[in-house]
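S.K.: Got a file for you: structure.csv, CSV, N, CA and C atoms.
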chain,number,residue,atom,x,y,z
L,297,MET,N,178.0,38.5,42.3
L,297,MET,CA,179.1,39.0,43.0
L,297,MET,C,180.0,39.9,42.1
L,298,PHE,N,180.2,39.5,40.8
L,298,PHE,CA,181.0,40.3,40.0
L,298,PHE,C,180.4,41.7,39.7
L,299,ASP,N,179.0,41.7,39.7
L,299,ASP,CA,178.4,43.0,39.5
L,299,ASP,C,178.6,43.9,40.6
L,300,LYS,N,178.6,43.4,41.9
L,300,LYS,CA,178.8,44.2,43.0
L,300,LYS,C,180.3,44.6,43.1
L,301,LEU,N,181.2,43.7,42.7
L,301,LEU,CA,182.6,44.1,42.7
L,301,LEU,C,182.9,45.1,41.6
L,302,PHE,N,182.2,45.0,40.5
L,302,PHE,CA,182.3,46.0,39.4
L,302,PHE,C,181.8,47.3,39.9
L,303,TYR,N,180.7,47.3,40.6
L,303,TYR,CA,180.1,48.6,41.1
L,303,TYR,C,181.1,49.3,42.1
L,304,VAL,N,181.7,48.5,43.0
L,304,VAL,CA,182.6,49.1,44.0
L,304,VAL,C,183.8,49.8,43.3
L,305,ILE,N,184.3,49.1,42.3
L,305,ILE,CA,185.5,49.6,41.6
L,305,ILE,C,185.0,50.8,40.7
L,306,LEU,N,183.9,50.7,40.1
L,306,LEU,CA,183.4,51.8,39.2
L,306,LEU,C,183.1,53.0,40.1
L,307,SER,N,182.5,52.8,41.3
L,307,SER,CA,182.1,53.9,42.1
L,307,SER,C,183.3,54.6,42.7
L,308,TYR,N,184.4,53.9,42.8
L,308,TYR,CA,185.6,54.5,43.3
L,308,TYR,C,186.1,55.6,42.2
L,309,TYR,N,185.9,55.3,41.0
L,309,TYR,CA,186.4,56.2,39.9
L,309,TYR,C,185.4,57.2,39.5
L,310,SER,N,184.1,57.1,39.9
L,310,SER,CA,183.2,58.1,39.5
L,310,SER,C,182.3,58.5,40.7
L,311,ARG,N,182.2,59.7,41.0
L,311,ARG,CA,181.3,60.2,42.1
L,311,ARG,C,180.3,61.2,41.6
L,312,ASN,N,179.1,60.8,41.6
L,312,ASN,CA,178.0,61.7,41.2
L,312,ASN,C,178.2,62.2,39.7
L,313,THR,N,178.6,61.3,38.9
L,313,THR,CA,179.0,61.6,37.5
L,313,THR,C,180.1,62.6,37.3
L,314,GLU,N,180.8,63.0,38.4
L,314,GLU,CA,182.0,63.8,38.2
L,314,GLU,C,183.2,62.8,38.3
L,315,HIS,N,183.9,62.6,37.2
L,315,HIS,CA,184.9,61.6,37.1
L,315,HIS,C,186.2,62.1,37.6
L,316,LYS,N,186.8,61.2,38.4
L,316,LYS,CA,188.2,61.5,38.9
L,316,LYS,C,189.2,61.4,37.7
L,317,ILE,N,188.9,60.6,36.8
L,317,ILE,CA,189.8,60.4,35.6
L,317,ILE,C,188.9,60.5,34.4
L,318,ASP,N,189.6,60.3,33.2
L,318,ASP,CA,188.9,60.5,32.0
L,318,ASP,C,187.6,59.8,31.8
L,319,THR,N,187.6,58.5,31.7
L,319,THR,CA,186.3,57.7,31.5
L,319,THR,C,186.4,56.5,32.4
L,320,PRO,N,185.5,56.5,33.4
L,320,PRO,CA,185.6,55.4,34.4
L,320,PRO,C,185.3,54.0,33.8
L,321,GLY,N,184.4,54.0,32.8
L,321,GLY,CA,184.1,52.7,32.2
L,321,GLY,C,185.3,52.0,31.5
L,322,ILE,N,186.1,52.8,30.9
L,322,ILE,CA,187.3,52.3,30.2
L,322,ILE,C,188.3,51.9,31.3
L,323,THR,N,188.5,52.7,32.3
L,323,THR,CA,189.5,52.3,33.4
L,323,THR,C,189.1,51.0,34.1
L,324,VAL,N,187.8,50.9,34.4
L,324,VAL,CA,187.3,49.7,35.1
L,324,VAL,C,187.4,48.5,34.1
L,325,PHE,N,187.2,48.8,32.8
L,325,PHE,CA,187.3,47.7,31.8
L,325,PHE,C,188.7,47.1,31.9
L,326,PHE,N,189.8,47.9,32.0
L,326,PHE,CA,191.1,47.4,32.1
L,326,PHE,C,191.4,46.7,33.4
L,327,ILE,N,190.8,47.3,34.5
L,327,ILE,CA,191.0,46.7,35.8
L,327,ILE,C,190.3,45.3,35.8
L,328,PHE,N,189.2,45.2,35.3
L,328,PHE,CA,188.5,43.9,35.3
L,328,PHE,C,189.1,42.9,34.3
L,329,SER,N,189.6,43.5,33.2
L,329,SER,CA,190.3,42.6,32.2
L,329,SER,C,191.5,41.9,32.9
L,330,MET,N,192.2,42.6,33.8
L,330,MET,CA,193.3,42.0,34.5
L,330,MET,C,192.8,41.0,35.5
L,331,LEU,N,191.7,41.2,36.1
L,331,LEU,CA,191.1,40.2,37.0
L,331,LEU,C,190.7,39.0,36.3
L,332,PHE,N,190.0,39.1,35.1
L,332,PHE,CA,189.6,38.0,34.4
L,332,PHE,C,190.8,37.2,33.8
L,333,PHE,N,191.8,38.0,33.4
L,333,PHE,CA,193.0,37.3,33.0
L,333,PHE,C,193.6,36.4,34.1
L,334,CYS,N,193.7,37.0,35.3
L,334,CYS,CA,194.3,36.2,36.4
L,334,CYS,C,193.4,35.0,36.7
L,335,LEU,N,192.1,35.1,36.7
L,335,LEU,CA,191.2,34.0,36.9
L,335,LEU,C,191.3,32.9,35.8
L,336,ALA,N,191.4,33.3,34.6
L,336,ALA,CA,191.5,32.4,33.5
L,336,ALA,C,192.9,31.7,33.6
L,337,TYR,N,193.9,32.5,33.9
L,337,TYR,CA,195.3,31.9,34.0
L,337,TYR,C,195.3,30.9,35.2
L,338,LEU,N,194.6,31.2,36.3
L,338,LEU,CA,194.5,30.2,37.4
L,338,LEU,C,193.8,28.9,37.0
L,339,LEU,N,192.7,29.1,36.2
L,339,LEU,CA,192.0,27.9,35.8
L,339,LEU,C,192.8,27.0,34.8
L,340,ILE,N,193.6,27.7,34.0
L,340,ILE,CA,194.5,26.9,33.1
L,340,ILE,C,195.6,26.2,33.9
L,341,LEU,N,196.1,26.9,34.8
L,341,LEU,CA,197.2,26.3,35.7
L,341,LEU,C,196.6,25.1,36.4
L,342,ILE,N,195.4,25.2,37.0
L,342,ILE,CA,194.8,24.1,37.7
L,342,ILE,C,194.5,22.9,36.7
L,343,SER,N,194.1,23.3,35.5
L,343,SER,CA,193.8,22.2,34.5
L,343,SER,C,195.1,21.5,34.1
L,344,ILE,N,196.1,22.2,33.9
L,344,ILE,CA,197.4,21.6,33.6
L,344,ILE,C,197.9,20.7,34.7
L,345,ASP,N,197.7,21.2,35.9
L,345,ASP,CA,198.1,20.4,37.1
L,345,ASP,C,197.3,19.1,37.2
L,346,ILE,N,196.0,19.2,37.0
L,346,ILE,CA,195.1,18.0,37.1
L,346,ILE,C,195.5,17.0,36.0
L,347,ILE,N,195.7,17.5,34.7
L,347,ILE,CA,196.0,16.6,33.6
L,347,ILE,C,197.3,15.9,33.8
L,348,ASN,N,198.3,16.6,34.3
L,348,ASN,CA,199.7,16.1,34.5
L,348,ASN,C,200.0,15.7,35.9
L,349,TYR,N,199.0,15.2,36.6
L,349,TYR,CA,199.1,15.0,38.1
L,349,TYR,C,200.4,14.2,38.5
L,350,PRO,N,200.6,13.0,37.9
L,350,PRO,CA,201.7,12.3,38.5
L,350,PRO,C,203.1,12.8,38.0
L,351,VAL,N,203.2,13.6,37.0
L,351,VAL,CA,204.4,14.0,36.4
L,351,VAL,C,205.0,15.3,37.1
L,352,TYR,N,204.1,16.2,37.5
L,352,TYR,CA,204.4,17.4,38.1
L,352,TYR,C,205.4,18.3,37.3
L,353,PRO,N,204.9,18.7,36.1
L,353,PRO,CA,205.8,19.5,35.2
L,353,PRO,C,205.9,20.9,35.8
L,354,LEU,N,206.8,21.7,35.3
L,354,LEU,CA,206.9,23.1,35.6
L,354,LEU,C,205.7,23.8,34.9
L,355,LEU,N,205.1,24.7,35.6
L,355,LEU,CA,203.9,25.3,35.1
L,355,LEU,C,204.3,26.5,34.2
L,356,LYS,N,204.4,26.3,32.9
L,356,LYS,CA,204.8,27.3,32.0
L,356,LYS,C,203.8,27.3,30.8
L,357,LEU,N,203.5,28.5,30.4
L,357,LEU,CA,202.6,28.7,29.2
L,357,LEU,C,203.4,29.5,28.2
L,358,SER,N,203.1,29.3,26.9
L,358,SER,CA,203.7,30.0,25.8
L,358,SER,C,203.2,31.4,25.8
L,359,LYS,N,203.9,32.3,25.1
L,359,LYS,CA,203.5,33.7,25.0
L,359,LYS,C,202.2,33.8,24.2
L,360,ILE,N,202.0,33.0,23.2
L,360,ILE,CA,200.8,33.0,22.4
L,360,ILE,C,199.6,32.7,23.3
L,361,THR,N,199.8,31.7,24.1
L,361,THR,CA,198.7,31.3,25.0
L,361,THR,C,198.3,32.4,26.0
L,362,VAL,N,199.3,33.1,26.5
L,362,VAL,CA,199.1,34.2,27.4
L,362,VAL,C,198.4,35.3,26.7
L,363,LEU,N,198.8,35.6,25.5
L,363,LEU,CA,198.2,36.7,24.7
L,363,LEU,C,196.7,36.3,24.4
L,364,GLY,N,196.5,35.0,24.1
L,364,GLY,CA,195.1,34.5,23.9
L,364,GLY,C,194.2,34.7,25.1
L,365,ILE,N,194.8,34.3,26.3
L,365,ILE,CA,194.1,34.5,27.5
L,365,ILE,C,193.7,36.0,27.7
L,366,GLY,N,194.7,36.8,27.5
L,366,GLY,CA,194.5,38.3,27.6
L,366,GLY,C,193.4,38.8,26.7
L,367,ALA,N,193.4,38.4,25.4
L,367,ALA,CA,192.4,38.8,24.5
L,367,ALA,C,191.0,38.2,24.9
L,368,ALA,N,191.0,37.0,25.3
L,368,ALA,CA,189.7,36.4,25.7
L,368,ALA,C,189.1,37.0,26.9
L,369,SER,N,190.0,37.4,27.9
L,369,SER,CA,189.6,38.1,29.1
L,369,SER,C,189.0,39.5,28.7
L,370,SER,N,189.7,40.2,27.9
L,370,SER,CA,189.2,41.5,27.5
L,370,SER,C,187.8,41.4,26.8
L,371,LEU,N,187.7,40.4,25.9
L,371,LEU,CA,186.5,40.2,25.2
L,371,LEU,C,185.3,39.9,26.2
L,372,ALA,N,185.6,39.0,27.1
L,372,ALA,CA,184.6,38.6,28.1
L,372,ALA,C,184.2,39.8,28.9
L,373,VAL,N,185.1,40.7,29.4
L,373,VAL,CA,184.7,41.9,30.1
L,373,VAL,C,183.9,42.8,29.2
L,374,TYR,N,184.3,43.0,28.0
L,374,TYR,CA,183.5,43.8,27.1
L,374,TYR,C,182.1,43.3,26.9
L,375,LEU,N,182.0,42.0,26.7
L,375,LEU,CA,180.6,41.4,26.5
L,375,LEU,C,179.8,41.5,27.8
L,376,LEU,N,180.4,41.3,28.9
L,376,LEU,CA,179.6,41.2,30.2
L,376,LEU,C,179.3,42.6,30.8
L,377,PHE,N,180.2,43.6,30.6
L,377,PHE,CA,180.0,44.8,31.3
L,377,PHE,C,179.9,46.1,30.4
L,378,ILE,N,180.6,46.1,29.3
L,378,ILE,CA,180.7,47.3,28.5
L,378,ILE,C,179.6,47.4,27.4
L,379,LEU,N,179.4,46.2,26.8
L,379,LEU,CA,178.4,46.2,25.7
L,379,LEU,C,177.0,46.8,26.2
L,380,ASN,N,176.4,47.6,25.4
L,380,ASN,CA,175.2,48.3,25.7
L,380,ASN,C,175.2,49.1,27.0
L,381,LYS,N,176.4,49.5,27.3
L,381,LYS,CA,176.6,50.4,28.5
L,381,LYS,C,176.0,49.7,29.8
L,382,ARG,N,176.3,48.5,29.9
L,382,ARG,CA,175.8,47.7,31.1
L,382,ARG,C,176.4,48.3,32.4
L,383,TYR,N,177.6,48.8,32.3
L,383,TYR,CA,178.2,49.4,33.5
L,383,TYR,C,177.4,50.5,34.1
L,384,LEU,N,176.7,51.3,33.3
L,384,LEU,CA,175.8,52.3,33.8
L,384,LEU,C,174.6,51.7,34.5
L,385,LYS,N,174.1,50.6,34.0
L,385,LYS,CA,172.9,49.9,34.6
L,385,LYS,C,173.4,49.4,36.0
L,386,ILE,N,174.6,48.8,36.0
L,386,ILE,CA,175.1,48.3,37.3
L,386,ILE,C,175.2,49.4,38.3
L,387,TYR,N,175.8,50.6,37.8
L,387,TYR,CA,176.0,51.7,38.7
L,387,TYR,C,174.7,52.2,39.3
L,388,SER,N,173.7,52.3,38.4
L,388,SER,CA,172.4,52.8,38.9
L,388,SER,C,171.7,51.8,39.8
L,389,LYS,N,171.9,50.5,39.6
L,389,LYS,CA,171.2,49.5,40.4
L,389,LYS,C,171.8,49.5,41.8
L,390,TYR,N,173.1,49.6,42.0
L,390,TYR,CA,173.7,49.5,43.3
L,390,TYR,C,174.0,50.8,44.0
L,391,ARG,N,173.7,51.9,43.3
L,391,ARG,CA,174.0,53.2,43.9
L,391,ARG,C,173.4,53.5,45.2
L,392,SER,N,172.2,52.9,45.5
L,392,SER,CA,171.5,53.1,46.7
L,392,SER,C,171.8,52.0,47.8
L,393,ASP,N,172.7,51.1,47.5
L,393,ASP,CA,173.0,50.0,48.4
L,393,ASP,C,174.0,50.6,49.5
L,394,SER,N,173.5,50.6,50.7
L,394,SER,CA,174.3,51.3,51.8
L,394,SER,C,175.5,50.5,52.2
L,395,PHE,N,175.5,49.2,52.1
L,395,PHE,CA,176.7,48.4,52.4
L,395,PHE,C,177.8,48.6,51.4
L,396,LEU,N,177.4,48.6,50.1
L,396,LEU,CA,178.5,48.7,49.1
L,396,LEU,C,179.1,50.1,49.1
L,397,ASN,N,178.3,51.1,49.6
L,397,ASN,CA,178.8,52.5,49.7
L,397,ASN,C,179.5,52.8,51.0
L,398,SER,N,179.5,51.9,51.9
L,398,SER,CA,180.1,52.1,53.2
L,398,SER,C,181.6,51.8,53.1
L,399,LYS,N,182.4,52.3,54.0
L,399,LYS,CA,183.8,52.0,54.0
L,399,LYS,C,184.1,50.5,54.2
L,400,THR,N,183.3,49.8,55.0
L,400,THR,CA,183.5,48.4,55.3
L,400,THR,C,183.3,47.6,54.0
L,401,GLY,N,182.2,47.9,53.3
L,401,GLY,CA,181.9,47.2,52.1
L,401,GLY,C,182.9,47.4,51.0
L,402,ARG,N,183.4,48.6,50.9
L,402,ARG,CA,184.4,48.9,49.9
L,402,ARG,C,185.7,48.2,50.2
L,403,TRP,N,186.1,48.2,51.5
L,403,TRP,CA,187.3,47.4,51.9
L,403,TRP,C,187.2,46.0,51.6
L,404,ILE,N,186.0,45.4,51.9
L,404,ILE,CA,185.8,44.0,51.7
L,404,ILE,C,185.9,43.6,50.2
L,405,TYR,N,185.2,44.4,49.4
L,405,TYR,CA,185.3,44.1,48.0
L,405,TYR,C,186.6,44.4,47.3
L,406,TRP,N,187.3,45.4,47.8
L,406,TRP,CA,188.7,45.7,47.2
L,406,TRP,C,189.6,44.5,47.7
L,407,GLY,N,189.4,44.0,48.9
L,407,GLY,CA,190.2,42.9,49.4
L,407,GLY,C,189.9,41.6,48.6
L,408,ILE,N,188.6,41.4,48.2
L,408,ILE,CA,188.3,40.3,47.4
L,408,ILE,C,188.9,40.4,46.0
L,409,TYR,N,188.9,41.7,45.5
L,409,TYR,CA,189.5,41.9,44.2
L,409,TYR,C,191.0,41.6,44.2
L,410,ILE,N,191.7,42.1,45.2
L,410,ILE,CA,193.2,41.8,45.4
L,410,ILE,C,193.5,40.4,45.6
L,411,LEU,N,192.7,39.7,46.4
L,411,LEU,CA,192.9,38.3,46.6
L,411,LEU,C,192.7,37.5,45.3
L,412,LEU,N,191.6,37.8,44.5
L,412,LEU,CA,191.4,37.2,43.2
L,412,LEU,C,192.5,37.5,42.2
L,413,LEU,N,193.0,38.7,42.3
L,413,LEU,CA,194.1,39.1,41.4
L,413,LEU,C,195.4,38.4,41.7
L,414,LEU,N,195.6,38.1,43.0
L,414,LEU,CA,196.9,37.4,43.4
L,414,LEU,C,196.7,35.9,43.4
L,415,SER,N,195.5,35.4,43.1
L,415,SER,CA,195.3,33.9,43.2
L,415,SER,C,196.2,33.0,42.4
L,416,PRO,N,196.6,33.4,41.1
L,416,PRO,CA,197.6,32.6,40.4
L,416,PRO,C,198.9,32.5,41.1
L,417,ILE,N,199.4,33.6,41.7
L,417,ILE,CA,200.6,33.6,42.4
L,417,ILE,C,200.6,32.8,43.6
L,418,ILE,N,199.5,32.9,44.3
L,418,ILE,CA,199.3,32.0,45.5
L,418,ILE,C,199.3,30.6,45.1
L,419,PHE,N,198.6,30.2,44.0
L,419,PHE,CA,198.5,28.8,43.6
L,419,PHE,C,199.9,28.3,43.2
L,420,ILE,N,200.7,29.1,42.5
L,420,ILE,CA,202.0,28.7,42.0
L,420,ILE,C,202.9,28.5,43.3
L,421,LYS,N,202.8,29.4,44.3
L,421,LYS,CA,203.6,29.2,45.5
L,421,LYS,C,203.2,28.0,46.2
L,422,ILE,N,201.9,27.7,46.4
L,422,ILE,CA,201.5,26.5,47.1
L,422,ILE,C,201.9,25.3,46.3
L,423,GLU,N,201.7,25.3,45.0
L,423,GLU,CA,202.0,24.2,44.1
L,423,GLU,C,203.5,23.9,44.1
L,424,GLY,N,204.3,25.0,44.1
L,424,GLY,CA,205.7,24.8,44.1
L,424,GLY,C,206.2,24.2,45.4
L,425,SER,N,205.7,24.6,46.5
L,425,SER,CA,206.1,24.1,47.8
L,425,SER,C,205.6,22.6,47.9
L,426,PHE,N,204.5,22.3,47.3
L,426,PHE,CA,204.0,20.9,47.3
L,426,PHE,C,204.8,20.0,46.5
L,427,ILE,N,205.2,20.5,45.3
L,427,ILE,CA,206.0,19.7,44.4
L,427,ILE,C,207.4,19.4,45.0
L,428,TYR,N,208.0,20.5,45.6
L,428,TYR,CA,209.3,20.3,46.1
L,428,TYR,C,209.3,19.4,47.4
L,429,ASP,N,208.2,19.4,48.1
L,429,ASP,CA,208.1,18.5,49.3
L,429,ASP,C,208.0,17.1,48.8
L,430,VAL,N,207.2,16.8,47.7
L,430,VAL,CA,207.1,15.5,47.2
L,430,VAL,C,208.4,15.0,46.6
L,431,VAL,N,209.1,15.8,45.9
L,431,VAL,CA,210.3,15.4,45.2
L,431,VAL,C,211.4,15.1,46.3
L,432,LYS,N,211.5,15.8,47.3
L,432,LYS,CA,212.6,15.6,48.3
L,432,LYS,C,212.3,14.3,49.1
Starting from the file, give its structure as structure tokens.
M.R.:
Amino acid sequence: MFDKLFYVILSYYSRNTEHKIDTPGITVFFIFSMLFFCLAYLLILISIDIINYPVYPLLKLSKITVLGIGAASSLAVYLLFILNKRYLKIYSKYRSDSFLNSKTGRWIYWGIYILLLLSPIIFIKIEGSFIYDVVK
């Protein structure tokens, strides 16, 4: 699924090797680094919540932890998609897929991207409302 999502975002920034911006691989690298950061942040928040279940602490992380998550996310994206120019292999693999190149497919995958990007915020809102309902 991440390969298809990567393709949809990459194809948005490059059309027939004519790039809308400077280098699509670098731009998609930063876009996916943000996505991996949000997913890792969500997993850490869920882990903190499970470990401290009866106490319900405020969900806060230190700056160093957040920077570590960011660095690990960037490294993961580099290893999964950028190393050995794998993004070009993904682009050539899914270039002929009619669903991914259709407007419907693009809307669906961009919606999935936005939903995954907002997942930590959604979790915090749900968790906050749950905590305050239990406390009252």
S.K.: Just give me the gap between atom N of Lys389 (chain L) and atom N of Val304 (chain L) in Å, one decimal is fine.
M.R.: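 Straight-line distance from atom N of Lys389 (chain L) to atom N of Val304 (chain L) works out to 10.6 Å.
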S.K.: Which of chain L end up as strand (DSSP E or B) when DSSP is run on this backbone - answer as a list in words?
M.R.: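 The strand (DSSP E or B) subset of chain L is Ser310, Arg311, Glu314 and His315 of chain L.
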S.K.: Which distance in Å separates CA of Trp406 (chain L) and CA of Phe377 (chain L), to one decimal?
M.R.: 18.1 Å
S.K.: Hey, could you make a per-residue contact list for region 362-422 of chain L against region 322-339 of chain L with 5 Å as the cut-off, showing the nearest pair of atoms and its distance in Å to one decimal, counting all atoms listed in the file, sorted by chain and number, as CSV?
M.R.:
residue,atom,partner,partner_atom,distance
L:Ser369,CA,L:Phe333,N,4.8
L:Ser370,CA,L:Ser329,CA,5.0
L:Pro416,CA,L:Leu338,CA,4.9
S.K.: Using Å and a single decimal, report how far atom N of Ile408 (chain L) sits from CA of Ile305 (chain L).
M.R.: 11.0 Å
S.K.: So which bits of region 326-426 of chain L end up alpha helix (DSSP H) when you DSSP the backbone, as a count of residues only?
M.R.: 78
S.K.: What are the closest atom pairs, with distances in Å to one decimal, for each residue of region 337-413 of chain L lying within 7 Å of region 300-303 of chain L, using all atoms listed in the file, rows by chain and rising residue number, as JSON lines?
M.R.:
{"residue": "L:Ile386", "atom": "C", "partner": "L:Tyr303", "partner_atom": "CA", "distance": 5.7}
{"residue": "L:Tyr387", "atom": "CA", "partner": "L:Tyr303", "partner_atom": "CA", "distance": 5.7}
{"residue": "L:Tyr390", "atom": "CA", "partner": "L:Tyr303", "partner_atom": "CA", "distance": 6.8}
{"residue": "L:Tyr405", "atom": "CA", "partner": "L:Leu301", "partner_atom": "CA", "distance": 5.9}
S.K.: Only N, CA and C atoms, please: region 355-381 of chain L from the block, as a PDB file, in the first residue's frame.
M.R.:
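So decode-v3.pdb came out as:
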ATOM      1  N   LEU L 355      -0.497  13.278  27.511  1.00  0.00           N
ATOM      2  CA  LEU L 355       0.370  12.690  26.499  1.00  0.00           C
ATOM      3  C   LEU L 355       1.370  13.734  26.000  1.00  0.00           C
ATOM      4  N   LYS L 356       2.533  13.770  26.623  1.00  0.00           N
ATOM      5  CA  LYS L 356       3.577  14.713  26.227  1.00  0.00           C
ATOM      6  C   LYS L 356       4.865  13.953  25.983  1.00  0.00           C
ATOM      7  N   LEU L 357       5.611  14.407  24.988  1.00  0.00           N
ATOM      8  CA  LEU L 357       6.919  13.833  24.694  1.00  0.00           C
ATOM      9  C   LEU L 357       7.948  14.956  24.722  1.00  0.00           C
ATOM     10  N   SER L 358       9.170  14.625  25.091  1.00  0.00           N
ATOM     11  CA  SER L 358      10.220  15.638  25.130  1.00  0.00           C
ATOM     12  C   SER L 358      10.651  16.006  23.718  1.00  0.00           C
ATOM     13  N   LYS L 359      11.341  17.129  23.605  1.00  0.00           N
ATOM     14  CA  LYS L 359      11.822  17.598  22.297  1.00  0.00           C
ATOM     15  C   LYS L 359      12.826  16.625  21.695  1.00  0.00           C
ATOM     16  N   ILE L 360      13.654  16.045  22.534  1.00  0.00           N
ATOM     17  CA  ILE L 360      14.658  15.096  22.042  1.00  0.00           C
ATOM     18  C   ILE L 360      13.976  13.861  21.471  1.00  0.00           C
ATOM     19  N   THR L 361      12.918  13.396  22.116  1.00  0.00           N
ATOM     20  CA  THR L 361      12.178  12.245  21.605  1.00  0.00           C
ATOM     21  C   THR L 361      11.544  12.568  20.262  1.00  0.00           C
ATOM     22  N   VAL L 362      10.974  13.760  20.144  1.00  0.00           N
ATOM     23  CA  VAL L 362      10.344  14.169  18.888  1.00  0.00           C
ATOM     24  C   VAL L 362      11.395  14.283  17.783  1.00  0.00           C
ATOM     25  N   LEU L 363      12.560  14.846  18.101  1.00  0.00           N
ATOM     26  CA  LEU L 363      13.640  14.930  17.104  1.00  0.00           C
ATOM     27  C   LEU L 363      14.125  13.539  16.706  1.00  0.00           C
ATOM     28  N   GLY L 364      14.203  12.631  17.666  1.00  0.00           N
ATOM     29  CA  GLY L 364      14.590  11.247  17.369  1.00  0.00           C
ATOM     30  C   GLY L 364      13.580  10.563  16.462  1.00  0.00           C
ATOM     31  N   ILE L 365      12.298  10.806  16.721  1.00  0.00           N
ATOM     32  CA  ILE L 365      11.255  10.242  15.854  1.00  0.00           C
ATOM     33  C   ILE L 365      11.394  10.796  14.448  1.00  0.00           C
ATOM     34  N   GLY L 366      11.663  12.094  14.343  1.00  0.00           N
ATOM     35  CA  GLY L 366      11.843  12.715  13.026  1.00  0.00           C
ATOM     36  C   GLY L 366      13.038  12.150  12.273  1.00  0.00           C
ATOM     37  N   ALA L 367      14.144  11.976  12.971  1.00  0.00           N
ATOM     38  CA  ALA L 367      15.345  11.424  12.343  1.00  0.00           C
ATOM     39  C   ALA L 367      15.128   9.971  11.927  1.00  0.00           C
ATOM     40  N   ALA L 368      14.486   9.189  12.794  1.00  0.00           N
ATOM     41  CA  ALA L 368      14.212   7.789  12.457  1.00  0.00           C
ATOM     42  C   ALA L 368      13.236   7.676  11.289  1.00  0.00           C
ATOM     43  N   SER L 369      12.267   8.564  11.226  1.00  0.00           N
ATOM     44  CA  SER L 369      11.307   8.557  10.125  1.00  0.00           C
ATOM     45  C   SER L 369      11.996   8.894   8.803  1.00  0.00           C
ATOM     46  N   SER L 370      12.845   9.900   8.830  1.00  0.00           N
ATOM     47  CA  SER L 370      13.574  10.268   7.617  1.00  0.00           C
ATOM     48  C   SER L 370      14.495   9.145   7.159  1.00  0.00           C
ATOM     49  N   LEU L 371      15.151   8.500   8.103  1.00  0.00           N
ATOM     50  CA  LEU L 371      16.024   7.380   7.767  1.00  0.00           C
ATOM     51  C   LEU L 371      15.224   6.221   7.178  1.00  0.00           C
ATOM     52  N   ALA L 372      14.065   5.946   7.757  1.00  0.00           N
ATOM     53  CA  ALA L 372      13.220   4.857   7.241  1.00  0.00           C
ATOM     54  C   ALA L 372      12.767   5.141   5.816  1.00  0.00           C
ATOM     55  N   VAL L 373      12.358   6.370   5.540  1.00  0.00           N
ATOM     56  CA  VAL L 373      11.930   6.729   4.183  1.00  0.00           C
ATOM     57  C   VAL L 373      13.107   6.634   3.225  1.00  0.00           C
ATOM     58  N   TYR L 374      14.275   7.079   3.662  1.00  0.00           N
ATOM     59  CA  TYR L 374      15.450   6.988   2.811  1.00  0.00           C
ATOM     60  C   TYR L 374      15.762   5.523   2.477  1.00  0.00           C
ATOM     61  N   LEU L 375      15.742   4.672   3.490  1.00  0.00           N
ATOM     62  CA  LEU L 375      16.071   3.260   3.265  1.00  0.00           C
ATOM     63  C   LEU L 375      15.005   2.542   2.435  1.00  0.00           C
ATOM     64  N   LEU L 376      13.739   2.895   2.623  1.00  0.00           N
ATOM     65  CA  LEU L 376      12.662   2.197   1.919  1.00  0.00           C
ATOM     66  C   LEU L 376      12.444   2.693   0.490  1.00  0.00           C
ATOM     67  N   PHE L 377      12.621   3.984   0.242  1.00  0.00           N
ATOM     68  CA  PHE L 377      12.218   4.532  -1.052  1.00  0.00           C
ATOM     69  C   PHE L 377      13.337   5.206  -1.849  1.00  0.00           C
ATOM     70  N   ILE L 378      14.267   5.843  -1.197  1.00  0.00           N
ATOM     71  CA  ILE L 378      15.265   6.638  -1.915  1.00  0.00           C
ATOM     72  C   ILE L 378      16.526   5.834  -2.236  1.00  0.00           C
ATOM     73  N   LEU L 379      16.944   4.968  -1.324  1.00  0.00           N
ATOM     74  CA  LEU L 379      18.160   4.191  -1.522  1.00  0.00           C
ATOM     75  C   LEU L 379      18.080   3.391  -2.817  1.00  0.00           C
ATOM     76  N   ASN L 380      19.135   3.404  -3.602  1.00  0.00           N
ATOM     77  CA  ASN L 380      19.214   2.730  -4.905  1.00  0.00           C
ATOM     78  C   ASN L 380      18.132   3.217  -5.880  1.00  0.00           C
ATOM     79  N   LYS L 381      17.653   4.431  -5.669  1.00  0.00           N
ATOM     80  CA  LYS L 381      16.629   5.052  -6.525  1.00  0.00           C
ATOM     81  C   LYS L 381      15.407   4.154  -6.693  1.00  0.00           C
TER      82      LYS L 381
END
